[in-house]
Amino acid sequence: MSGIKNKRTLSYYCLYGSLYVLSLLPFPILYALSDFVCFILFHVFGYRKRVVVGNLRKSFPDKSTAEIEEIARRFYSYLCDLFLEMFKTLSISKASMLRHCQMSPEALAVFRELADEGKSLILVCGHYGNWEWAGNTFSLLCSQRLSVIYHPLSSPAFDRLMYTMRTRFGTGLIEMNSTFKVMVKQKGTVTATAFIADQTPFPERAYWTEFLNQDTPIFMGPETIARKLNYPIVYTSVQRIKRGYYRIHAERLVDKPAATRDGEISELHTRRLERDIIAHPEIWLWSHKRWKYSRPVQSVTTPVGILHTTTPLKT
C-alpha cells in the first residue's frame, strides 16, 4: 500500500515540477507553443474533431460548412490557450492574475451588495471563457468564501495538481456528492458556491429543454439547492477581451429561489449561457459529447419546460 502511495506521490511531483517550469515561460512563448499544439491537434491528429464539428453543425444548422470549420479552428486555438493558461496558475502573481482576468465594475458591485446584505449566493456559469481564472479573480477580489463544485479526476496525480492550482488563491473545492451537506455546514458563513451547470447530468435527474437547437438534459443541482436554501442565484459569464485577457460579468438572476416554479431557474441560466455561446461560440467547450442522450418519450410538461420521469435512451 505504501508503495502505491509513494508511486502516486512521485508521479504528482514529476507532473507538478514539469508543469511549474512550463508555467514560468512568458506569455508570448506560451502562446507560440499553444499555436504549435493547436496545429498538431487540429490539422494533424484531428483530436475529437468529429465531435466538435458534429456539435457545431447541430447547434448552428444555418451556418455554412466554411463557417463551421472556422469556428472549429478558433475553438481549438482557444482550447490550447485555455490549458496553458490553467498551468500558468501554478506561478502567476496576484497582480498579473488580476491584469489578465478582470472583474467588471458592475459584477464587483453585485457581489459587494450581496456581501453587505449578509447573503450567501450560488454562482452559475458554463465552460465558457476561462472559468478557472475566474475563480482565482473572485477569491482575490470578493469577500465571500468561494467554493467550486467539482468531480475528482481518475488520475490521482492530475487530480492533486488541479486541486493545487484551483486552491492557490484561496478558492475551496467541494466534491459534487457532498455539495448540499457542506453548504448546510457553511450556513453561518457568507459564501459563494460555484456550479458549472452545462455538464451532462444523469438523465433521470435532469431538466429537459431545448438548448442550441437540440433536446438537452440540464443539471438540476443549482436549482434544487438554491430552492432549499433560498440562496440568490448569480449568473456569471467570463468574456475574452483578447488573447490572454478576460473580464468577468455577473447579474443577479433570481433573488428568491424558494418562490420559483420547477424548472424555472434551470431555464433562466440555460438561456443566458445560450445567448453567450451564440455571441462567441469559439470559447465554449465543444469537444465533449454533450448530446449523448435522447429526450424520453414520456415526460411531464411544466409551465417552463419538460421534466422527464422515465428511463433515457442513449444515442
# chains A, B, ... in the order shown; residues from 1 in each chain; ligands from 1
>>> select_by_dssp(residues="region 35-146 of chain A", states="strand (DSSP E)", output="PyMOL selection string")
chain A and resi 101-103+121-125+145-146
>>> residues_around(residues="region 208-221 of chain A", least_positions_apart="5", cutoff="10 Å", atoms="only C-alpha atoms", output="PDB file with N, CA and C atoms, in the first residue's frame")
ATOM      1  N   ASN A  55     -21.138  18.682 -33.146  1.00  0.00           N
ATOM      2  CA  ASN A  55     -21.855  19.538 -32.190  1.00  0.00           C
ATOM      3  C   ASN A  55     -22.152  20.904 -32.795  1.00  0.00           C
ATOM      4  N   LEU A  56     -21.190  21.462 -33.492  1.00  0.00           N
ATOM      5  CA  LEU A  56     -21.372  22.781 -34.098  1.00  0.00           C
ATOM      6  C   LEU A  56     -22.438  22.754 -35.194  1.00  0.00           C
ATOM      7  N   LYS A  58     -25.022  20.764 -35.512  1.00  0.00           N
ATOM      8  CA  LYS A  58     -26.362  20.622 -34.941  1.00  0.00           C
ATOM      9  C   LYS A  58     -26.792  21.883 -34.205  1.00  0.00           C
ATOM     10  N   SER A  59     -25.822  22.583 -33.615  1.00  0.00           N
ATOM     11  CA  SER A  59     -26.144  23.791 -32.859  1.00  0.00           C
ATOM     12  C   SER A  59     -26.406  24.983 -33.761  1.00  0.00           C
ATOM     13  N   PHE A  60     -25.743  25.012 -34.920  1.00  0.00           N
ATOM     14  CA  PHE A  60     -25.873  26.132 -35.859  1.00  0.00           C
ATOM     15  C   PHE A  60     -26.203  25.607 -37.251  1.00  0.00           C
ATOM     16  N   PRO A  61     -27.421  25.058 -37.420  1.00  0.00           N
ATOM     17  CA  PRO A  61     -27.782  24.447 -38.712  1.00  0.00           C
ATOM     18  C   PRO A  61     -27.807  25.432 -39.872  1.00  0.00           C
ATOM     19  N   MET A 176     -18.854  16.891  -5.662  1.00  0.00           N
ATOM     20  CA  MET A 176     -20.261  17.020  -6.025  1.00  0.00           C
ATOM     21  C   MET A 176     -21.186  16.236  -5.105  1.00  0.00           C
ATOM     22  N   THR A 179     -22.088  18.170  -1.872  1.00  0.00           N
ATOM     23  CA  THR A 179     -22.395  19.587  -2.029  1.00  0.00           C
ATOM     24  C   THR A 179     -23.385  20.110  -0.987  1.00  0.00           C
ATOM     25  N   PHE A 180     -24.560  19.510  -0.927  1.00  0.00           N
ATOM     26  CA  PHE A 180     -25.598  20.045  -0.039  1.00  0.00           C
ATOM     27  C   PHE A 180     -25.171  19.967   1.422  1.00  0.00           C
ATOM     28  N   PHE A 195     -21.321  26.590  -9.421  1.00  0.00           N
ATOM     29  CA  PHE A 195     -21.704  25.406 -10.189  1.00  0.00           C
ATOM     30  C   PHE A 195     -21.430  25.661 -11.660  1.00  0.00           C
ATOM     31  N   ILE A 196     -20.681  24.774 -12.286  1.00  0.00           N
ATOM     32  CA  ILE A 196     -20.555  24.814 -13.749  1.00  0.00           C
ATOM     33  C   ILE A 196     -21.677  23.934 -14.271  1.00  0.00           C
ATOM     34  N   ALA A 197     -22.744  24.566 -14.738  1.00  0.00           N
ATOM     35  CA  ALA A 197     -24.026  23.879 -14.897  1.00  0.00           C
ATOM     36  C   ALA A 197     -24.284  23.314 -16.289  1.00  0.00           C
ATOM     37  N   ASP A 198     -23.277  23.349 -17.180  1.00  0.00           N
ATOM     38  CA  ASP A 198     -23.518  22.828 -18.531  1.00  0.00           C
ATOM     39  C   ASP A 198     -22.917  21.442 -18.719  1.00  0.00           C
ATOM     40  N   GLN A 199     -22.716  20.722 -17.629  1.00  0.00           N
ATOM     41  CA  GLN A 199     -22.258  19.344 -17.728  1.00  0.00           C
ATOM     42  C   GLN A 199     -23.431  18.446 -18.093  1.00  0.00           C
ATOM     43  N   THR A 200     -23.120  17.234 -18.545  1.00  0.00           N
ATOM     44  CA  THR A 200     -24.184  16.293 -18.886  1.00  0.00           C
ATOM     45  C   THR A 200     -24.573  15.507 -17.635  1.00  0.00           C
ATOM     46  N   PRO A 201     -25.782  15.701 -17.128  1.00  0.00           N
ATOM     47  CA  PRO A 201     -26.194  15.040 -15.876  1.00  0.00           C
ATOM     48  C   PRO A 201     -26.740  13.650 -16.137  1.00  0.00           C
ATOM     49  N   PHE A 202     -26.971  12.921 -15.050  1.00  0.00           N
ATOM     50  CA  PHE A 202     -27.714  11.668 -15.181  1.00  0.00           C
ATOM     51  C   PHE A 202     -29.113  12.025 -15.699  1.00  0.00           C
ATOM     52  N   PRO A 203     -29.506  11.516 -16.831  1.00  0.00           N
ATOM     53  CA  PRO A 203     -30.751  11.962 -17.458  1.00  0.00           C
ATOM     54  C   PRO A 203     -31.991  11.778 -16.609  1.00  0.00           C
ATOM     55  N   ALA A 226     -30.551  25.771  -4.473  1.00  0.00           N
ATOM     56  CA  ALA A 226     -30.953  27.170  -4.279  1.00  0.00           C
ATOM     57  C   ALA A 226     -32.356  27.269  -3.705  1.00  0.00           C
ATOM     58  N   ASP A 262     -40.854  24.732 -10.554  1.00  0.00           N
ATOM     59  CA  ASP A 262     -39.943  23.685 -11.012  1.00  0.00           C
ATOM     60  C   ASP A 262     -39.417  24.024 -12.411  1.00  0.00           C
ATOM     61  N   GLY A 263     -38.128  23.985 -12.562  1.00  0.00           N
ATOM     62  CA  GLY A 263     -37.524  24.203 -13.870  1.00  0.00           C
ATOM     63  C   GLY A 263     -37.246  25.648 -14.217  1.00  0.00           C
ATOM     64  N   ILE A 265     -35.530  28.118 -12.719  1.00  0.00           N
ATOM     65  CA  ILE A 265     -34.140  28.554 -12.578  1.00  0.00           C
ATOM     66  C   ILE A 265     -33.263  27.907 -13.641  1.00  0.00           C
ATOM     67  N   SER A 266     -33.463  26.620 -13.872  1.00  0.00           N
ATOM     68  CA  SER A 266     -32.685  25.919 -14.894  1.00  0.00           C
ATOM     69  C   SER A 266     -32.887  26.552 -16.260  1.00  0.00           C
ATOM     70  N   GLU A 267     -34.114  26.924 -16.538  1.00  0.00           N
ATOM     71  CA  GLU A 267     -34.417  27.571 -17.824  1.00  0.00           C
ATOM     72  C   GLU A 267     -33.725  28.917 -17.932  1.00  0.00           C
ATOM     73  N   THR A 270     -29.865  28.578 -18.368  1.00  0.00           N
ATOM     74  CA  THR A 270     -29.579  27.943 -19.663  1.00  0.00           C
ATOM     75  C   THR A 270     -29.734  28.939 -20.801  1.00  0.00           C
ATOM     76  N   ARG A 271     -30.778  29.768 -20.745  1.00  0.00           N
ATOM     77  CA  ARG A 271     -30.984  30.780 -21.792  1.00  0.00           C
ATOM     78  C   ARG A 271     -29.854  31.815 -21.790  1.00  0.00           C
ATOM     79  N   LEU A 273     -26.690  31.337 -20.811  1.00  0.00           N
ATOM     80  CA  LEU A 273     -25.498  30.715 -21.375  1.00  0.00           C
ATOM     81  C   LEU A 273     -25.637  30.570 -22.889  1.00  0.00           C
ATOM     82  N   GLU A 274     -26.808  30.182 -23.336  1.00  0.00           N
ATOM     83  CA  GLU A 274     -27.042  30.027 -24.771  1.00  0.00           C
ATOM     84  C   GLU A 274     -26.780  31.338 -25.502  1.00  0.00           C
ATOM     85  N   ARG A 275     -27.230  32.440 -24.923  1.00  0.00           N
ATOM     86  CA  ARG A 275     -27.007  33.751 -25.534  1.00  0.00           C
ATOM     87  C   ARG A 275     -25.520  34.064 -25.646  1.00  0.00           C
ATOM     88  N   ILE A 277     -23.050  31.864 -25.794  1.00  0.00           N
ATOM     89  CA  ILE A 277     -22.430  30.964 -26.770  1.00  0.00           C
ATOM     90  C   ILE A 277     -22.711  31.410 -28.197  1.00  0.00           C
ATOM     91  N   ILE A 278     -23.930  31.826 -28.460  1.00  0.00           N
ATOM     92  CA  ILE A 278     -24.276  32.286 -29.804  1.00  0.00           C
ATOM     93  C   ILE A 278     -23.447  33.513 -30.182  1.00  0.00           C
ATOM     94  N   ARG A 290     -21.844  16.366 -25.430  1.00  0.00           N
ATOM     95  CA  ARG A 290     -22.884  16.999 -24.616  1.00  0.00           C
ATOM     96  C   ARG A 290     -24.273  16.419 -24.886  1.00  0.00           C
ATOM     97  N   TRP A 291     -24.499  15.947 -26.112  1.00  0.00           N
ATOM     98  CA  TRP A 291     -25.835  15.496 -26.503  1.00  0.00           C
ATOM     99  C   TRP A 291     -25.841  13.997 -26.792  1.00  0.00           C
ATOM    100  N   LYS A 292     -25.525  13.200 -25.781  1.00  0.00           N
ATOM    101  CA  LYS A 292     -25.462  11.756 -25.990  1.00  0.00           C
ATOM    102  C   LYS A 292     -26.741  11.043 -25.562  1.00  0.00           C
ATOM    103  N   TYR A 293     -27.722  11.784 -25.044  1.00  0.00           N
ATOM    104  CA  TYR A 293     -28.988  11.182 -24.651  1.00  0.00           C
ATOM    105  C   TYR A 293     -30.140  11.787 -25.457  1.00  0.00           C
ATOM    106  N   SER A 294     -31.192  10.996 -25.632  1.00  0.00           N
ATOM    107  CA  SER A 294     -32.409  11.477 -26.273  1.00  0.00           C
ATOM    108  C   SER A 294     -33.454  11.778 -25.206  1.00  0.00           C
ATOM    109  N   ARG A 295     -34.290  12.773 -25.515  1.00  0.00           N
ATOM    110  CA  ARG A 295     -35.391  13.072 -24.596  1.00  0.00           C
ATOM    111  C   ARG A 295     -36.309  11.858 -24.499  1.00  0.00           C
ATOM    112  N   PRO A 296     -36.689  11.451 -23.287  1.00  0.00           N
ATOM    113  CA  PRO A 296     -37.576  10.298 -23.132  1.00  0.00           C
ATOM    114  C   PRO A 296     -38.923  10.521 -23.811  1.00  0.00           C
ATOM    115  N   SER A 299     -42.878  12.199 -20.625  1.00  0.00           N
ATOM    116  CA  SER A 299     -42.345  13.291 -19.820  1.00  0.00           C
ATOM    117  C   SER A 299     -43.504  14.090 -19.259  1.00  0.00           C
ATOM    118  N   VAL A 300     -43.173  14.951 -18.297  1.00  0.00           N
ATOM    119  CA  VAL A 300     -44.184  15.782 -17.648  1.00  0.00           C
ATOM    120  C   VAL A 300     -43.967  17.224 -18.085  1.00  0.00           C
ATOM    121  N   THR A 301     -44.969  17.826 -18.678  1.00  0.00           N
ATOM    122  CA  THR A 301     -44.852  19.206 -19.116  1.00  0.00           C
ATOM    123  C   THR A 301     -45.077  20.161 -17.961  1.00  0.00           C
ATOM    124  N   VAL A 304     -42.585  25.905 -17.733  1.00  0.00           N
ATOM    125  CA  VAL A 304     -41.352  26.453 -18.303  1.00  0.00           C
ATOM    126  C   VAL A 304     -40.562  25.416 -19.082  1.00  0.00           C
ATOM    127  N   GLY A 305     -41.055  24.210 -19.213  1.00  0.00           N
ATOM    128  CA  GLY A 305     -40.301  23.241 -19.983  1.00  0.00           C
ATOM    129  C   GLY A 305     -40.739  21.827 -19.693  1.00  0.00           C
ATOM    130  N   ILE A 306     -39.808  20.885 -19.793  1.00  0.00           N
ATOM    131  CA  ILE A 306     -40.117  19.478 -19.626  1.00  0.00           C
ATOM    132  C   ILE A 306     -39.251  18.892 -18.516  1.00  0.00           C
ATOM    133  N   LEU A 307     -39.873  18.218 -17.592  1.00  0.00           N
ATOM    134  CA  LEU A 307     -39.165  17.436 -16.588  1.00  0.00           C
ATOM    135  C   LEU A 307     -39.501  15.978 -16.846  1.00  0.00           C
ATOM    136  N   HIS A 308     -38.494  15.157 -17.158  1.00  0.00           N
ATOM    137  CA  HIS A 308     -38.828  13.785 -17.513  1.00  0.00           C
ATOM    138  C   HIS A 308     -38.771  12.870 -16.307  1.00  0.00           C
TER     139      HIS A 308
END
>>> closest_residue(among="A:Arg160, A:Arg247, A:Arg166, A:Arg205", to="Ser11 (chain A)", atoms="only C-alpha atoms")
A:Arg160
>>> residues_around(residues="His151 (chain A)", least_positions_apart="2", cutoff="8 Å", atoms="only C-alpha atoms", output="mmCIF file with N, CA, C and O atoms, in the first residue's frame")
data_model
loop_
_atom_site.group_PDB
_atom_site.id
_atom_site.type_symbol
_atom_site.label_atom_id
_atom_site.label_comp_id
_atom_site.auth_asym_id
_atom_site.auth_seq_id
_atom_site.Cartn_x
_atom_site.Cartn_y
_atom_site.Cartn_z
ATOM 1 N N ILE A 149 -17.810 23.491 -7.050
ATOM 2 C CA ILE A 149 -18.204 22.088 -7.087
ATOM 3 C C ILE A 149 -17.402 21.379 -8.170
ATOM 4 O O ILE A 149 -17.267 21.885 -9.289
ATOM 5 N N LEU A 153 -10.784 13.715 -10.440
ATOM 6 C CA LEU A 153 -10.308 13.112 -11.675
ATOM 7 C C LEU A 153 -9.832 11.684 -11.425
ATOM 8 O O LEU A 153 -9.461 11.312 -10.309
ATOM 9 N N GLU A 175 -16.561 18.285 -3.342
ATOM 10 C CA GLU A 175 -16.935 17.172 -4.208
ATOM 11 C C GLU A 175 -18.449 17.181 -4.428
ATOM 12 O O GLU A 175 -19.221 17.433 -3.504
ATOM 13 N N MET A 176 -18.854 16.891 -5.662
ATOM 14 C CA MET A 176 -20.261 17.020 -6.025
ATOM 15 C C MET A 176 -21.186 16.236 -5.105
ATOM 16 O O MET A 176 -22.251 16.732 -4.715
#
>>> closest_atom_pairs(of="region 180-299 of chain A", to="region 42-48 of chain A", cutoff="10 Å", atoms="only C-alpha atoms", output="tab-separated table")
residue	atom	partner	partner_atom	distance
A:Trp286	CA	A:Arg48	CA	9.3
A:Ser287	CA	A:Arg48	CA	6.2
A:His288	CA	A:Arg48	CA	8.4
A:Lys289	CA	A:Arg48	CA	9.7
>>> write_last_selection(atoms="N, CA and C atoms", output="CSV table (one decimal), in the first residue's frame")
chain,number,residue,atom,x,y,z
A,286,TRP,N,-16.7,22.7,-26.9
A,286,TRP,CA,-17.4,21.9,-27.9
A,286,TRP,C,-16.9,20.4,-28.0
A,287,SER,N,-15.8,20.1,-27.3
A,287,SER,CA,-15.2,18.8,-27.5
A,287,SER,C,-15.8,17.7,-26.7
A,288,HIS,N,-16.8,18.0,-25.9
A,288,HIS,CA,-17.5,16.9,-25.1
A,288,HIS,C,-18.7,16.5,-25.8
A,289,LYS,N,-19.1,15.2,-25.5
A,289,LYS,CA,-20.3,14.6,-26.1
A,289,LYS,C,-21.5,15.1,-25.2
>>> closest_residue(among="A:Pro257, A:Gly118, A:Pro281, A:Pro26", to="Lys187 (chain A)", atoms="only C-alpha atoms")
A:Gly118
>>> decode(residues="region 155-166 of chain A", atoms="all heavy atoms", output="CSV table (one decimal), in the first residue's frame")
chain,number,residue,atom,x,y,z
A,155,SER,N,-7.1,10.2,-12.5
A,155,SER,CA,-5.7,10.2,-12.3
A,155,SER,C,-5.4,10.9,-10.9
A,155,SER,O,-5.6,12.1,-10.8
A,155,SER,CB,-4.9,10.9,-13.4
A,155,SER,OG,-3.6,11.2,-13.0
A,156,PRO,N,-4.9,10.2,-9.9
A,156,PRO,CA,-4.6,10.8,-8.6
A,156,PRO,C,-3.6,12.0,-8.8
A,156,PRO,O,-3.8,13.0,-8.1
A,156,PRO,CB,-4.0,9.7,-7.8
A,156,PRO,CG,-4.6,8.4,-8.4
A,156,PRO,CD,-4.7,8.7,-9.9
A,157,ALA,N,-2.6,11.8,-9.6
A,157,ALA,CA,-1.6,12.8,-9.7
A,157,ALA,C,-2.2,14.1,-10.4
A,157,ALA,O,-1.9,15.2,-9.9
A,157,ALA,CB,-0.4,12.3,-10.6
A,158,PHE,N,-3.0,13.9,-11.4
A,158,PHE,CA,-3.5,15.1,-12.1
A,158,PHE,C,-4.6,15.7,-11.2
A,158,PHE,O,-4.8,16.9,-11.2
A,158,PHE,CB,-4.1,14.7,-13.4
A,158,PHE,CG,-4.1,15.8,-14.4
A,158,PHE,CD1,-3.0,16.2,-15.1
A,158,PHE,CD2,-5.3,16.6,-14.6
A,158,PHE,CE1,-3.0,17.2,-16.0
A,158,PHE,CE2,-5.3,17.7,-15.5
A,158,PHE,CZ,-4.1,18.0,-16.2
A,159,ASP,N,-5.4,14.9,-10.5
A,159,ASP,CA,-6.4,15.4,-9.6
A,159,ASP,C,-5.8,16.3,-8.5
A,159,ASP,O,-6.3,17.4,-8.2
A,159,ASP,CB,-7.2,14.3,-8.9
A,159,ASP,CG,-8.3,14.7,-8.1
A,159,ASP,OD1,-9.2,15.4,-8.6
A,159,ASP,OD2,-8.3,14.5,-6.8
A,160,ARG,N,-4.7,15.8,-7.9
A,160,ARG,CA,-3.9,16.6,-6.9
A,160,ARG,C,-3.4,17.9,-7.5
A,160,ARG,O,-3.4,18.9,-6.9
A,160,ARG,CB,-2.8,15.8,-6.3
A,160,ARG,CG,-2.1,16.4,-5.1
A,160,ARG,CD,-1.1,15.4,-4.5
A,160,ARG,NE,-0.3,16.1,-3.5
A,160,ARG,CZ,0.8,15.5,-2.9
A,160,ARG,NH1,1.0,14.2,-3.2
A,160,ARG,NH2,1.5,16.2,-2.0
A,161,LEU,N,-2.9,17.8,-8.7
A,161,LEU,CA,-2.4,19.0,-9.4
A,161,LEU,C,-3.5,20.0,-9.6
A,161,LEU,O,-3.3,21.2,-9.3
A,161,LEU,CB,-1.8,18.7,-10.8
A,161,LEU,CG,-1.3,19.8,-11.6
A,161,LEU,CD1,0.0,20.4,-11.0
A,161,LEU,CD2,-1.1,19.5,-13.1
A,162,MET,N,-4.7,19.6,-10.1
A,162,MET,CA,-5.8,20.5,-10.3
A,162,MET,C,-6.2,21.1,-9.0
A,162,MET,O,-6.6,22.3,-8.9
A,162,MET,CB,-6.9,19.8,-11.0
A,162,MET,CG,-6.6,19.3,-12.4
A,162,MET,SD,-6.2,20.7,-13.5
A,162,MET,CE,-7.7,21.6,-13.6
A,163,TYR,N,-6.2,20.3,-7.9
A,163,TYR,CA,-6.6,20.8,-6.6
A,163,TYR,C,-5.6,21.9,-6.2
A,163,TYR,O,-6.0,23.0,-5.7
A,163,TYR,CB,-6.5,19.7,-5.6
A,163,TYR,CG,-7.1,20.1,-4.2
A,163,TYR,CD1,-8.4,19.9,-3.9
A,163,TYR,CD2,-6.2,20.7,-3.3
A,163,TYR,CE1,-8.9,20.3,-2.7
A,163,TYR,CE2,-6.7,21.1,-2.0
A,163,TYR,CZ,-8.0,20.9,-1.7
A,163,TYR,OH,-8.5,21.3,-0.5
A,164,THR,N,-4.3,21.7,-6.4
A,164,THR,CA,-3.3,22.7,-6.1
A,164,THR,C,-3.5,24.0,-6.8
A,164,THR,O,-3.4,25.1,-6.2
A,164,THR,CB,-1.9,22.1,-6.4
A,164,THR,OG1,-1.6,21.0,-5.6
A,164,THR,CG2,-0.8,23.2,-6.0
A,165,MET,N,-3.8,23.9,-8.1
A,165,MET,CA,-4.0,25.1,-8.9
A,165,MET,C,-5.2,25.8,-8.5
A,165,MET,O,-5.2,27.1,-8.4
A,165,MET,CB,-4.1,24.7,-10.4
A,165,MET,CG,-2.7,24.3,-11.0
A,165,MET,SD,-2.8,24.2,-12.8
A,165,MET,CE,-3.9,22.9,-13.1
A,166,ARG,N,-6.3,25.1,-8.3
A,166,ARG,CA,-7.6,25.8,-8.1
A,166,ARG,C,-7.7,26.4,-6.7
A,166,ARG,O,-8.5,27.3,-6.5
A,166,ARG,CB,-8.7,24.7,-8.2
A,166,ARG,CG,-9.0,24.3,-9.7
A,166,ARG,CD,-9.9,23.2,-9.8
A,166,ARG,NE,-10.3,23.0,-11.2
A,166,ARG,CZ,-10.9,21.9,-11.7
A,166,ARG,NH1,-11.1,20.9,-10.9
A,166,ARG,NH2,-11.2,21.8,-13.0
